[in-house]
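What follows is the content of model.cif (mmCIF, C-alpha atoms and all ligand atoms).
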data_final
#
loop_
_atom_site.label_atom_id
_atom_site.label_comp_id
_atom_site.auth_asym_id
_atom_site.auth_seq_id
_atom_site.Cartn_x
_atom_site.Cartn_y
_atom_site.Cartn_z
CA MET A 8 87.31 0.19 25.21
CA ASP A 9 85.86 3.35 26.68
CA GLU A 10 87.05 4.76 29.97
CA LYS A 11 84.21 3.26 31.94
CA MET A 12 84.77 -0.29 30.72
CA LYS A 13 88.44 -0.10 31.55
CA ASN A 14 87.45 0.72 35.11
CA GLU A 15 85.20 -2.30 35.42
CA VAL A 16 86.36 -5.64 36.78
CA HIS A 17 84.56 -8.95 36.72
CA VAL A 18 84.08 -10.19 40.23
CA LYS A 19 82.95 -13.80 40.61
CA VAL A 20 80.36 -14.57 43.24
CA LYS A 21 80.69 -17.88 45.08
CA ALA A 22 77.94 -20.28 43.98
CA LYS A 23 76.19 -20.32 47.32
CA PHE A 24 75.81 -16.52 47.38
CA VAL A 25 74.49 -16.05 43.84
CA ASN A 26 70.84 -16.19 44.82
CA LYS A 27 71.42 -13.86 47.72
CA PHE A 28 72.72 -11.15 45.38
CA LYS A 29 69.99 -11.89 42.85
CA SER A 30 67.39 -11.26 45.50
CA GLY A 31 68.82 -7.82 46.22
CA TYR A 32 71.52 -8.20 48.86
CA PRO A 33 73.65 -5.05 48.47
CA LEU A 34 76.92 -5.67 50.35
CA ILE A 35 79.90 -7.14 48.49
CA SER A 36 82.10 -8.74 51.13
CA LYS A 37 85.29 -10.71 50.91
CA ASP A 38 83.72 -14.03 51.85
CA THR A 39 81.09 -13.87 49.10
CA ILE A 40 83.46 -13.54 46.13
CA VAL A 41 86.08 -15.75 44.51
CA ASN A 42 88.62 -13.22 43.26
CA PRO A 43 88.94 -10.21 45.60
CA ASN A 44 92.47 -9.73 44.25
CA VAL A 45 91.14 -8.05 41.07
CA LEU A 46 90.02 -5.14 43.23
CA THR A 47 92.92 -2.75 43.02
CA ASP A 48 91.62 0.82 42.92
CA GLU A 49 88.82 2.07 45.08
CA GLY A 50 86.05 3.61 43.00
CA MET A 51 86.42 1.06 40.21
CA PHE A 52 83.22 -0.50 38.91
CA ILE A 53 82.41 -4.08 39.79
CA ARG A 54 80.50 -6.42 37.54
CA LEU A 55 79.25 -9.27 39.70
CA VAL A 56 79.05 -12.48 37.69
CA ASP A 57 78.43 -16.14 38.46
CA GLU A 58 80.89 -18.97 37.78
CA GLN A 59 79.69 -19.05 34.15
CA ASN A 60 80.36 -15.33 33.81
CA ARG A 61 76.67 -14.49 33.67
CA PHE A 62 75.70 -11.03 34.87
CA ILE A 63 74.27 -10.68 38.39
CA ALA A 64 74.65 -7.02 39.34
CA LYS A 65 76.95 -4.02 39.13
CA GLY A 66 78.48 -1.97 41.89
CA TYR A 67 81.68 -0.27 43.03
CA TYR A 68 84.77 -1.09 45.05
CA GLY A 69 84.99 0.84 48.32
CA LYS A 70 86.57 -0.58 51.45
CA GLN A 71 84.67 -0.19 54.69
CA ASN A 72 84.77 -2.20 57.88
CA LYS A 73 81.57 -3.78 56.58
CA GLY A 74 82.90 -5.06 53.25
CA LEU A 75 84.54 -4.37 49.92
CA GLY A 76 81.82 -2.49 48.13
CA TRP A 77 78.18 -2.10 47.31
CA VAL A 78 75.80 -3.18 44.57
CA LEU A 79 74.37 -0.20 42.71
CA SER A 80 72.14 -1.84 40.12
CA GLN A 81 70.76 -5.20 39.08
CA LYS A 82 70.07 -3.92 35.58
CA GLU A 83 72.77 -4.88 33.13
CA ASN A 84 72.19 -1.88 30.88
CA GLU A 85 71.91 0.78 33.56
CA GLN A 86 74.67 3.39 33.34
CA ILE A 87 76.24 4.53 36.59
CA ASN A 88 76.62 8.21 35.86
CA GLN A 89 75.51 11.63 37.05
CA LEU A 90 71.91 10.90 36.10
CA PHE A 91 71.96 7.64 38.08
CA PHE A 92 73.10 9.41 41.24
CA GLU A 93 70.72 12.30 40.72
CA ASN A 94 67.75 9.96 40.37
CA LYS A 95 68.66 8.10 43.54
CA LEU A 96 68.93 11.36 45.45
CA LYS A 97 65.67 12.68 44.01
CA LYS A 98 63.80 9.56 45.06
CA ALA A 99 65.27 9.70 48.54
CA PHE A 100 64.39 13.37 48.95
CA ALA A 101 60.82 12.73 47.84
CA LYS A 102 60.46 10.14 50.58
CA ARG A 103 61.39 12.78 53.18
CA GLU A 104 58.88 15.35 52.03
CA HIS A 105 56.91 15.11 55.26
CA TYR A 106 60.06 16.07 57.17
CA TYR A 107 60.73 19.12 55.00
CA ASN A 108 57.15 20.22 55.63
CA ASN A 109 57.34 19.96 59.42
CA PRO A 110 58.57 23.18 61.07
CA GLU A 111 58.91 21.42 64.47
CA THR A 112 61.73 19.19 63.17
CA THR A 113 64.45 20.79 61.06
CA ALA A 114 67.10 18.03 61.22
CA PHE A 115 66.79 14.63 59.60
CA ARG A 116 68.55 12.19 57.29
CA VAL A 117 67.74 12.61 53.61
CA PHE A 118 69.87 9.82 52.24
CA ASN A 119 70.69 6.60 54.07
CA GLY A 120 73.27 4.59 52.15
CA GLU A 121 72.16 1.21 50.84
CA GLY A 122 68.67 1.88 52.20
CA ASP A 123 68.36 4.53 49.49
CA GLY A 124 70.29 2.60 46.85
CA ILE A 125 73.91 3.75 47.31
CA GLY A 126 75.88 2.09 50.07
CA GLY A 127 78.74 4.04 51.63
CA ILE A 128 77.18 7.48 51.82
CA THR A 129 74.71 9.29 54.05
CA ILE A 130 73.38 12.83 53.78
CA GLU A 131 71.77 14.73 56.62
CA TYR A 132 69.84 17.97 56.62
CA PHE A 133 70.30 20.55 59.37
CA ASP A 134 68.03 23.54 58.84
CA GLY A 135 69.24 24.43 55.35
CA TYR A 136 72.69 22.87 55.69
CA TYR A 137 73.57 19.51 54.20
CA LEU A 138 76.17 17.17 55.65
CA ILE A 139 77.58 14.32 53.57
CA HIS A 140 79.38 11.40 55.22
CA TRP A 141 81.67 9.47 52.86
CA TYR A 142 82.38 6.03 54.29
CA SER A 143 85.07 4.92 51.82
CA LYS A 144 87.62 6.25 49.40
CA GLY A 145 85.63 4.37 46.76
CA ILE A 146 82.43 6.34 47.18
CA TYR A 147 84.42 9.56 47.59
CA HIS A 148 85.72 8.86 44.09
CA PHE A 149 82.20 9.74 42.83
CA ARG A 150 82.01 12.97 44.82
CA GLU A 151 81.74 15.33 41.86
CA GLN A 152 78.75 13.55 40.41
CA ILE A 153 77.07 13.19 43.79
CA ILE A 154 77.67 16.78 44.89
CA SER A 155 76.48 18.09 41.51
CA SER A 156 73.37 15.96 41.89
CA LEU A 157 72.69 17.43 45.31
CA LYS A 158 73.14 20.95 43.96
CA ASN A 159 70.80 20.22 41.06
CA ILE A 160 67.92 18.96 43.15
CA THR A 161 67.78 21.27 46.16
CA LYS A 162 68.45 24.72 47.54
CA PHE A 163 70.89 24.95 50.44
CA LYS A 164 72.72 27.37 52.66
CA ALA A 165 75.87 25.27 52.51
CA ILE A 166 77.13 21.73 52.01
CA TYR A 167 79.59 20.19 54.47
CA GLN A 168 81.21 16.76 54.45
CA LYS A 169 83.00 14.26 56.67
CA LYS A 170 85.42 11.71 55.33
CA ARG A 171 84.88 8.62 57.43
CA PHE A 172 87.66 6.60 55.81
CA ASP A 173 91.36 6.47 56.54
CA THR A 174 92.92 9.70 55.38
CA LYS A 175 96.36 8.68 56.69
CA GLY A 176 95.71 10.41 59.98
CA MET A 177 95.21 13.74 58.31
CA TYR A 178 92.08 15.47 59.48
CA ILE A 179 91.79 18.86 57.87
CA GLU A 180 88.90 20.86 59.18
CA GLU A 181 89.01 23.09 56.13
CA ASP A 182 88.13 19.98 54.12
CA ASP A 183 84.70 19.81 55.75
CA PHE A 184 83.34 22.78 53.80
CA VAL A 185 82.16 21.96 50.29
CA SER A 186 79.95 24.69 48.89
CA GLY A 187 77.63 27.61 49.61
CA GLU A 188 78.05 30.16 52.36
CA ARG A 189 80.01 29.09 55.43
CA GLY A 190 77.83 28.71 58.51
CA GLN A 191 78.23 30.34 61.92
CA PHE A 192 78.35 27.43 64.33
CA PRO A 193 76.58 26.30 66.31
CA ILE A 194 73.43 26.40 64.29
CA ILE A 195 70.33 25.60 66.32
CA VAL A 196 68.10 22.92 64.86
CA LYS A 197 64.67 21.84 66.05
CA GLU A 198 63.45 18.36 66.82
CA ASN A 199 59.82 17.95 67.86
CA GLY A 200 60.10 21.41 69.37
CA MET A 201 63.38 20.75 71.23
CA ASN A 202 66.50 22.72 70.31
CA PHE A 203 69.89 21.23 69.57
CA ALA A 204 73.18 23.01 68.90
CA VAL A 205 74.97 21.54 65.91
CA TYR A 206 78.56 22.07 64.75
CA LEU A 207 79.24 20.94 61.19
CA ASN A 208 82.82 22.19 61.35
CA GLU A 209 84.11 20.00 64.20
CA SER A 210 84.46 16.23 64.38
CA ALA A 211 82.34 13.57 62.70
CA MET A 212 80.00 13.85 65.70
CA VAL A 213 78.11 17.10 65.21
CA GLY A 214 76.26 17.35 68.54
CA VAL A 215 73.16 15.24 68.13
CA PHE A 216 72.45 11.73 66.83
CA LEU A 217 69.34 12.02 64.69
CA ASP A 218 68.48 8.32 64.84
CA GLN A 219 67.34 8.70 68.48
CA ARG A 220 64.63 11.25 67.65
CA ASP A 221 61.68 8.99 68.50
CA VAL A 222 63.35 7.81 71.70
CA ARG A 223 63.92 11.40 72.88
CA ARG A 224 60.33 12.30 72.18
CA THR A 225 59.07 9.22 74.03
CA ILE A 226 61.23 10.01 77.07
CA ARG A 227 59.96 13.57 77.14
CA ASP A 228 56.29 12.88 76.50
CA LYS A 229 55.68 9.61 78.34
CA TYR A 230 58.27 8.77 80.96
CA ALA A 231 60.19 11.74 82.39
CA LYS A 232 57.65 13.58 84.52
CA GLY A 233 58.66 13.66 88.17
CA LYS A 234 61.57 11.28 87.66
CA THR A 235 65.22 11.34 88.63
CA VAL A 236 67.21 10.45 85.54
CA LEU A 237 70.73 9.09 85.11
CA ASN A 238 71.98 9.50 81.53
CA THR A 239 75.16 7.49 80.95
CA PHE A 240 77.47 7.92 77.93
CA SER A 241 75.63 11.20 77.68
CA TYR A 242 77.77 13.03 75.04
CA THR A 243 76.04 16.44 74.67
CA GLY A 244 73.19 15.38 76.95
CA ALA A 245 70.45 15.13 74.34
CA PHE A 246 68.52 12.54 76.38
CA SER A 247 68.90 14.73 79.49
CA VAL A 248 67.43 17.66 77.58
CA ALA A 249 64.44 15.53 76.57
CA ALA A 250 63.98 14.32 80.15
CA ALA A 251 64.26 17.82 81.66
CA LEU A 252 61.78 19.24 79.16
CA GLY A 253 59.46 16.36 80.04
CA GLY A 254 59.45 17.39 83.69
CA ALA A 255 62.18 15.26 85.24
CA THR A 256 62.95 16.45 88.78
CA LYS A 257 66.67 16.14 88.09
CA THR A 258 68.99 14.79 85.43
CA THR A 259 72.53 13.47 85.94
CA SER A 260 74.64 13.19 82.79
CA VAL A 261 77.85 11.16 82.84
CA ASP A 262 80.46 11.07 80.08
CA LEU A 263 84.22 10.81 80.27
CA ALA A 264 84.95 13.31 77.51
CA ASN A 265 85.86 16.74 78.86
CA ARG A 266 84.00 18.48 76.05
CA SER A 267 80.74 16.88 77.17
CA LYS A 268 80.34 19.29 80.08
CA SER A 269 80.29 22.57 78.18
CA LYS A 270 78.35 20.99 75.33
CA THR A 271 75.68 19.69 77.71
CA ILE A 272 75.40 23.09 79.41
CA GLU A 273 74.93 24.64 75.99
CA GLN A 274 72.12 22.19 75.07
CA PHE A 275 70.35 22.94 78.38
CA ARG A 276 70.63 26.70 77.91
CA ILE A 277 69.26 26.81 74.38
CA ASN A 278 66.26 24.92 75.73
CA LYS A 279 65.81 27.36 78.64
CA ILE A 280 66.58 24.64 81.18
CA ASP A 281 68.41 25.84 84.29
CA ASP A 282 71.69 23.94 83.95
CA GLU A 283 72.60 24.66 87.59
CA ALA A 284 69.68 22.49 88.65
CA GLN A 285 71.07 19.59 86.63
CA GLN A 286 74.18 17.53 87.28
CA ILE A 287 76.87 17.00 84.68
CA ILE A 288 79.72 14.68 85.57
CA VAL A 289 82.87 14.11 83.54
CA GLU A 290 83.87 10.60 84.55
CA ASP A 291 84.18 7.03 83.43
CA VAL A 292 80.69 5.54 83.65
CA PHE A 293 82.05 2.34 85.17
CA ASN A 294 83.63 4.32 88.02
CA TYR A 295 80.41 6.24 88.47
CA PHE A 296 78.42 3.02 88.90
CA LYS A 297 80.74 1.96 91.71
CA TYR A 298 80.40 5.37 93.33
CA ALA A 299 76.61 5.27 93.05
CA VAL A 300 76.44 1.82 94.66
CA ARG A 301 78.73 2.97 97.50
CA LYS A 302 76.60 6.06 98.12
CA GLN A 303 73.40 4.02 97.71
CA LEU A 304 72.14 6.32 94.99
CA LYS A 305 69.08 5.15 93.08
CA PHE A 306 67.39 6.59 90.02
CA ASP A 307 63.87 6.33 88.61
CA MET A 308 65.29 6.17 85.11
CA VAL A 309 68.69 5.01 83.87
CA ILE A 310 69.64 5.54 80.23
CA LEU A 311 72.36 3.38 78.68
CA ASP A 312 73.66 4.37 75.25
CA PRO A 313 77.27 3.21 75.01
CA PRO A 314 79.36 3.10 71.83
CA SER A 315 79.70 -0.38 70.27
CA PHE A 316 83.28 -0.38 71.37
CA ALA A 317 85.16 1.88 73.77
CA ARG A 318 88.44 1.86 75.56
CA SER A 319 89.00 4.07 78.59
CA LYS A 320 92.00 4.17 80.92
CA LYS A 321 90.73 1.33 83.08
CA TYR A 322 88.11 -0.47 81.03
CA VAL A 323 87.45 -1.92 77.61
CA PHE A 324 83.79 -2.11 76.65
CA SER A 325 82.44 -4.15 73.77
CA ALA A 326 78.66 -4.09 73.38
CA GLU A 327 78.55 -7.68 72.22
CA LYS A 328 80.59 -8.98 75.17
CA ASP A 329 79.79 -6.55 77.95
CA TYR A 330 76.26 -5.21 77.53
CA LYS A 331 74.83 -7.78 79.93
CA ASN A 332 77.17 -6.60 82.68
CA LEU A 333 76.41 -2.98 81.92
CA LEU A 334 72.74 -3.80 82.43
CA LYS A 335 73.50 -5.49 85.75
CA GLU A 336 75.24 -2.34 86.96
CA ALA A 337 72.25 -0.28 85.87
CA ILE A 338 69.75 -2.64 87.53
CA SER A 339 71.56 -2.26 90.86
CA ILE A 340 71.00 1.51 90.92
CA THR A 341 67.48 1.64 89.47
CA GLU A 342 64.52 2.08 91.84
CA ASN A 343 61.84 -0.57 91.96
CA ASP A 344 59.27 0.29 89.29
CA GLY A 345 62.00 2.39 87.70
CA ILE A 346 62.87 2.30 84.04
CA ILE A 347 66.04 1.34 82.21
CA ILE A 348 66.41 2.53 78.65
CA ALA A 349 68.87 0.20 76.98
CA SER A 350 70.20 1.34 73.62
CA THR A 351 72.84 0.02 71.25
CA ASN A 352 73.92 0.86 67.73
CA CYS A 353 76.02 -2.28 67.42
CA SER A 354 75.26 -3.94 64.07
CA SER A 355 76.91 -7.27 64.85
CA PHE A 356 73.85 -8.56 66.73
CA GLY A 357 70.11 -8.13 66.35
CA MET A 358 67.16 -7.40 68.61
CA GLY A 359 66.76 -11.07 69.55
CA LYS A 360 70.25 -11.32 70.99
CA PHE A 361 69.94 -7.91 72.66
CA LYS A 362 66.81 -9.06 74.47
CA GLY A 363 68.77 -12.15 75.47
CA PHE A 364 71.30 -9.89 77.26
CA ILE A 365 68.40 -8.19 79.06
CA GLU A 366 66.91 -11.54 80.06
CA SER A 367 70.23 -12.84 81.44
CA ALA A 368 71.07 -9.62 83.27
CA PHE A 369 67.76 -9.64 85.16
CA LYS A 370 67.95 -13.35 85.83
CA GLU A 371 71.46 -13.06 87.25
CA THR A 372 70.47 -10.18 89.52
CA GLY A 373 67.30 -11.97 90.62
CA GLU A 374 65.06 -9.10 89.57
CA ASN A 375 61.91 -9.09 87.45
CA TYR A 376 61.26 -6.90 84.46
CA LYS A 377 58.77 -6.00 81.81
CA ILE A 378 59.51 -4.62 78.35
CA LEU A 379 57.47 -1.49 77.75
CA GLU A 380 58.59 -0.22 74.34
CA GLU A 381 61.02 -1.04 71.55
CA PHE A 382 62.57 1.17 68.90
CA SER A 383 64.71 0.69 65.85
CA LEU A 384 65.71 3.27 63.23
CA PRO A 385 63.20 6.04 62.38
CA ASP A 386 61.85 6.17 58.82
CA ASP A 387 64.26 8.83 57.55
CA PHE A 388 67.01 6.26 58.24
CA ARG A 389 65.60 4.07 55.49
CA THR A 390 66.58 0.44 55.44
CA ILE A 391 65.77 -2.39 53.05
CA LYS A 392 64.47 -5.83 53.97
CA GLU A 393 67.24 -7.47 51.92
CA PHE A 394 69.79 -5.97 54.34
CA PRO A 395 68.32 -6.18 57.86
CA GLU A 396 71.72 -5.55 59.48
CA GLY A 397 71.43 -2.01 58.12
CA ASN A 398 68.82 -1.42 60.82
CA TYR A 399 71.45 -1.31 63.55
CA LEU A 400 69.60 0.64 66.25
CA LYS A 401 67.98 -1.26 69.09
CA VAL A 402 66.38 0.56 72.01
CA VAL A 403 64.35 -1.16 74.72
CA PHE A 404 62.43 0.55 77.54
CA ILE A 405 62.47 -1.87 80.48
CA LYS A 406 60.56 -1.60 83.73
CA LYS A 407 62.23 -3.10 86.79
CA CYS A 408 59.42 -4.69 88.77
N1 LIG B 501 73.92 8.98 74.31
C1 LIG B 501 74.52 10.01 73.48
C2 LIG B 501 75.50 9.47 72.48
C3 LIG B 501 76.61 8.69 73.06
S1 LIG B 501 78.03 8.68 72.07
C4 LIG B 501 73.43 10.80 72.77
O1 LIG B 501 72.27 10.45 72.85
O2 LIG B 501 73.76 11.81 72.15
C5 LIG B 501 79.12 7.80 73.11
C6 LIG B 501 79.71 8.61 74.24
O3 LIG B 501 80.25 7.68 75.17
C7 LIG B 501 80.83 9.54 73.85
O4 LIG B 501 80.47 10.86 74.20
C8 LIG B 501 82.03 9.05 74.69
O5 LIG B 501 82.80 10.11 75.21
C9 LIG B 501 81.35 8.31 75.81
N2 LIG B 501 82.11 7.24 76.47
C10 LIG B 501 82.79 6.22 75.92
N3 LIG B 501 83.29 5.41 76.88
C11 LIG B 501 82.91 5.93 78.08
C12 LIG B 501 83.10 5.55 79.43
N4 LIG B 501 83.80 4.46 79.76
N5 LIG B 501 82.55 6.33 80.39
C13 LIG B 501 81.83 7.43 80.06
N6 LIG B 501 81.62 7.83 78.80
C14 LIG B 501 82.14 7.10 77.81
#

Before anything else, please render the file you have as structure tokens.
Amino acid sequence: MDEKMKNEVHVKVKAKFVNKFKSGYPLISKDTIVNPNVLTDEGMFIRLVDEQNRFIAKGYYGKQNKGLGWVLSQKENEQINQLFFENKLKKAFAKREHYYNNPETTAFRVFNGEGDGIGGITIEYFDGYYLIHWYSKGIYHFREQIISSLKNITKFKAIYQKKRFDTKGMYIEEDDFVSGERGQFPIIVKENGMNFAVYLNESAMVGVFLDQRDVRRTIRDKYAKGKTVLNTFSYTGAFSVAAALGGATKTTSVDLANRSKSKTIEQFRINKIDDEAQQIIVEDVFNYFKYAVRKQLKFDMVILDPPSFARSKKYVFSAEKDYKNLLKEAISITENDGIIIASTNCSSFGMGKFKGFIESAFKETGENYKILEEFSLPDDFRTIKEFPEGNYLKVVFIKKC
């Protein structure tokens, strides 16, 4: 037996899931297989077979919150080697050519996991710098082949990485640098003419979430002019920047993380927005809502972009359980004819259910509404129809009327 075969285990798919995998479903999860116990070492190859041991697909073992691994190929004879990875990357890069050719936007995703044929890894481009996110020890096992592939197909200033799997509590910043010439951070990237400061050498969150690009542009170009804007869960204030550049009369950004204040000031300054004319508040959003109600504050636009799950000193927020109530709080401080932008990146429910939360929230507050726009992931965050849950982003522009 050669090395590769030794590393391959036969994983039996439960009868009722066989067709699902045959039609291209990429995620190998515990409930779809008979013998998860054969999976012992992350990075080992999986041969998915049916109850009669007939080939279905091949993939790898890598534990994520989503599942146990990902399908890589439905072709029995395809080798999973350097060339395989390089071809996947090449194809993905070719699909982003229009981004590389657009000087107004210098930050985008060039590889989006299963959407580009390899679950468990994403690669983003930030003005010459590449950032790889490894979502499991299993995919990290293939790092040499994947990094070599990246080096073979593109020029770069440097490559950075983030390990998004359990590293036994050891976060070593030094580990983030992979190759090239170390950057001076922040680097300033462009997005539809806006500037964003990006730090590839800090935490997994680098300063801007690229999947909201179309939402930021829409806020700036269609909705912000002359409006007062409350941006909750504001992080570095990217939505506030878009609103201010679009002519908002004033933005208020609220986030409980201390770092959000200086980071938001920085984003305003690199966009030549007078940060003194804007408000930045470090506070629990749920306290701020109470304060706003007490002071009878109202806003023309309220932006909601909470994490899927968050625990603060006083509150636990789960998008699935609590989004409706979050909306009710927002409705109570939104002007009539004002706009609520409701966003979630929670992958455990879809757009239908999200709109259900919106419906109930308005019903329970006795207010009327109209949906103006809807967004999901932009096209650089490629998804496949066989795995709709990969398109996790849901953003709805709602008019209170
Ligand atoms: N809307 C941001 C991204 C939000 S990330 C953007 O467009 O860039 C989620 C943010 O929510 C984090 O910055 C985190 O500090 C903040 N957060 C989590 N729980 C919070 C709470 N209870 N009150 C205020 N901010 C909170």

List all protein, DNA and RNA residues that have at least one atom no more than 10 Å from any atom of ligand LIG 501 (chain B), counting all atoms listed in the file, and write them as a ChimeraX atom specification.
/A:212-220,222-223,238-248,260-267,271,288-295,310-324,350-352

Separation of atom CA of Phe382 of chain A from atom CA of Leu237 of chain A, in Å and rounded to one decimal:
19.8 Å

Can you tell me, as a ChimeraX atom specification, what residues are no more than 9 Å from Gly200 of chain A when counting only C-alpha atoms, ignoring any on the same chain fewer than 6 positions away?
/A:110-112

Distance of atom CA of Glu198 of chain A from atom CA of Glu380 of chain A, expressed in Å to one decimal place
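We find that atom CA of Glu380 of chain A and atom CA of Glu198 of chain A lie 20.6 Å from each other.
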
Size and centre in Å, one decimal, axis-aligned box, all listed segment 33-42 of chain A atoms plus 3 Å per side, as lines of an AutoDock Vina configuration file:
center_x = 81.1
center_y = -10.4
center_z = 47.6
size_x = 21.0
size_y = 16.7
size_z = 14.6

Compile the contact shell of Glu121 of chain A as a ChimeraX atom specification: residues with an atom at most 10 Å away, counting only C-alpha atoms, same-chain residues fewer than 2 positions apart removed.
/A:32-34,77-79,118-119,123-129,389-391,394,397

Shortest interatomic distance to Met308 of chain A - which of A:Ala231, A:Ile287, A:Val402, A:Ile154, counting only C-alpha atoms:
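Counting only C-alpha atoms, the residue closest to Met308 of chain A is A:Ala231.
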
Give me the residues within 12 Å of Val45 of chain A as a PyMOL selection string, counting only C-alpha atoms and dropping any in the same chain fewer than 4 places off.
chain A and resi 14-19+37+40-41+49+51-54+68+75

Do you know which residues are at most 12 Å from Lys360 of chain A counting only C-alpha atoms, after dropping those on the same chain fewer than 4 positions away, and could you put them as a PyMOL selection string?
chain A and resi 326-328+330-331+351+353-356+364-367+401

Same residues, C-alpha atoms, output as a PDB file, in the coordinates of the input:
ATOM      1  CA  ALA A 326      78.660  -4.090  73.380  1.00  0.00           C
ATOM      2  CA  GLU A 327      78.550  -7.680  72.220  1.00  0.00           C
ATOM      3  CA  LYS A 328      80.590  -8.980  75.170  1.00  0.00           C
ATOM      4  CA  TYR A 330      76.260  -5.210  77.530  1.00  0.00           C
ATOM      5  CA  LYS A 331      74.830  -7.780  79.930  1.00  0.00           C
ATOM      6  CA  THR A 351      72.840   0.020  71.250  1.00  0.00           C
ATOM      7  CA  CYS A 353      76.020  -2.280  67.420  1.00  0.00           C
ATOM      8  CA  SER A 354      75.260  -3.940  64.070  1.00  0.00           C
ATOM      9  CA  SER A 355      76.910  -7.270  64.850  1.00  0.00           C
ATOM     10  CA  PHE A 356      73.850  -8.560  66.730  1.00  0.00           C
ATOM     11  CA  PHE A 364      71.300  -9.890  77.260  1.00  0.00           C
ATOM     12  CA  ILE A 365      68.400  -8.190  79.060  1.00  0.00           C
ATOM     13  CA  GLU A 366      66.910 -11.540  80.060  1.00  0.00           C
ATOM     14  CA  SER A 367      70.230 -12.840  81.440  1.00  0.00           C
ATOM     15  CA  LYS A 401      67.980  -1.260  69.090  1.00  0.00           C
TER      16      LYS A 401
END

List the neighbours of Thr39 of chain A out to 9 Å using only C-alpha atoms; skip same-chain residues closer than 5 positions along the sequence, and give me the result as a list of chain:residue names.
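Final neighbour list, sorted by chain and number: A:Lys19, A:Val20, A:Lys21, A:Ala22, A:Lys23, A:Phe24, A:Val25.
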
Just to confirm, what's the straight-line distance from atom CA of Asn94 of chain A to atom CA of Phe28 of chain A in Å (one decimal)?
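Atom-to-atom, atom CA of Asn94 of chain A to atom CA of Phe28 of chain A, that is 22.3 Å.
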
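With only C-alpha atoms as the atoms that count, the residue of A:Phe62, A:Phe91, A:Phe115, A:Phe192 with the shortest distance to Asp387 of chain A is A:Phe115.
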
Completion step: segment 219-229 of chain A with N, CA, C and O atoms as an mmCIF file, keeping the file's coordinate frame:
data_model
loop_
_atom_site.group_PDB
_atom_site.id
_atom_site.type_symbol
_atom_site.label_atom_id
_atom_site.label_comp_id
_atom_site.auth_asym_id
_atom_site.auth_seq_id
_atom_site.Cartn_x
_atom_site.Cartn_y
_atom_site.Cartn_z
ATOM 1 N N GLN A 219 68.016 8.879 67.191
ATOM 2 C CA GLN A 219 67.340 8.700 68.480
ATOM 3 C C GLN A 219 66.141 9.636 68.646
ATOM 4 O O GLN A 219 65.610 9.807 69.751
ATOM 5 N N ARG A 220 65.705 10.253 67.576
ATOM 6 C CA ARG A 220 64.630 11.250 67.650
ATOM 7 C C ARG A 220 63.374 10.710 68.354
ATOM 8 O O ARG A 220 62.831 11.346 69.255
ATOM 9 N N ASP A 221 62.915 9.532 67.933
ATOM 10 C CA ASP A 221 61.680 8.990 68.500
ATOM 11 C C ASP A 221 61.856 8.608 69.974
ATOM 12 O O ASP A 221 60.920 8.692 70.763
ATOM 13 N N VAL A 222 63.068 8.184 70.313
ATOM 14 C CA VAL A 222 63.350 7.810 71.700
ATOM 15 C C VAL A 222 63.321 9.058 72.580
ATOM 16 O O VAL A 222 62.722 9.066 73.656
ATOM 17 N N ARG A 223 63.945 10.155 72.097
ATOM 18 C CA ARG A 223 63.920 11.400 72.880
ATOM 19 C C ARG A 223 62.501 11.876 73.101
ATOM 20 O O ARG A 223 62.116 12.297 74.189
ATOM 21 N N ARG A 224 61.693 11.821 72.046
ATOM 22 C CA ARG A 224 60.330 12.300 72.180
ATOM 23 C C ARG A 224 59.550 11.427 73.196
ATOM 24 O O ARG A 224 58.789 11.935 74.020
ATOM 25 N N THR A 225 59.781 10.133 73.131
ATOM 26 C CA THR A 225 59.070 9.220 74.030
ATOM 27 C C THR A 225 59.479 9.471 75.487
ATOM 28 O O THR A 225 58.642 9.482 76.390
ATOM 29 N N ILE A 226 60.768 9.698 75.711
ATOM 30 C CA ILE A 226 61.230 10.010 77.070
ATOM 31 C C ILE A 226 60.543 11.277 77.562
ATOM 32 O O ILE A 226 59.999 11.324 78.669
ATOM 33 N N ARG A 227 60.548 12.293 76.727
ATOM 34 C CA ARG A 227 59.960 13.570 77.140
ATOM 35 C C ARG A 227 58.458 13.460 77.386
ATOM 36 O O ARG A 227 57.956 13.924 78.402
ATOM 37 N N ASP A 228 57.754 12.828 76.452
ATOM 38 C CA ASP A 228 56.290 12.880 76.500
ATOM 39 C C ASP A 228 55.656 11.817 77.396
ATOM 40 O O ASP A 228 54.539 11.996 77.865
ATOM 41 N N LYS A 229 56.363 10.694 77.631
ATOM 42 C CA LYS A 229 55.680 9.610 78.340
ATOM 43 C C LYS A 229 56.317 9.172 79.650
ATOM 44 O O LYS A 229 55.669 8.549 80.477
#
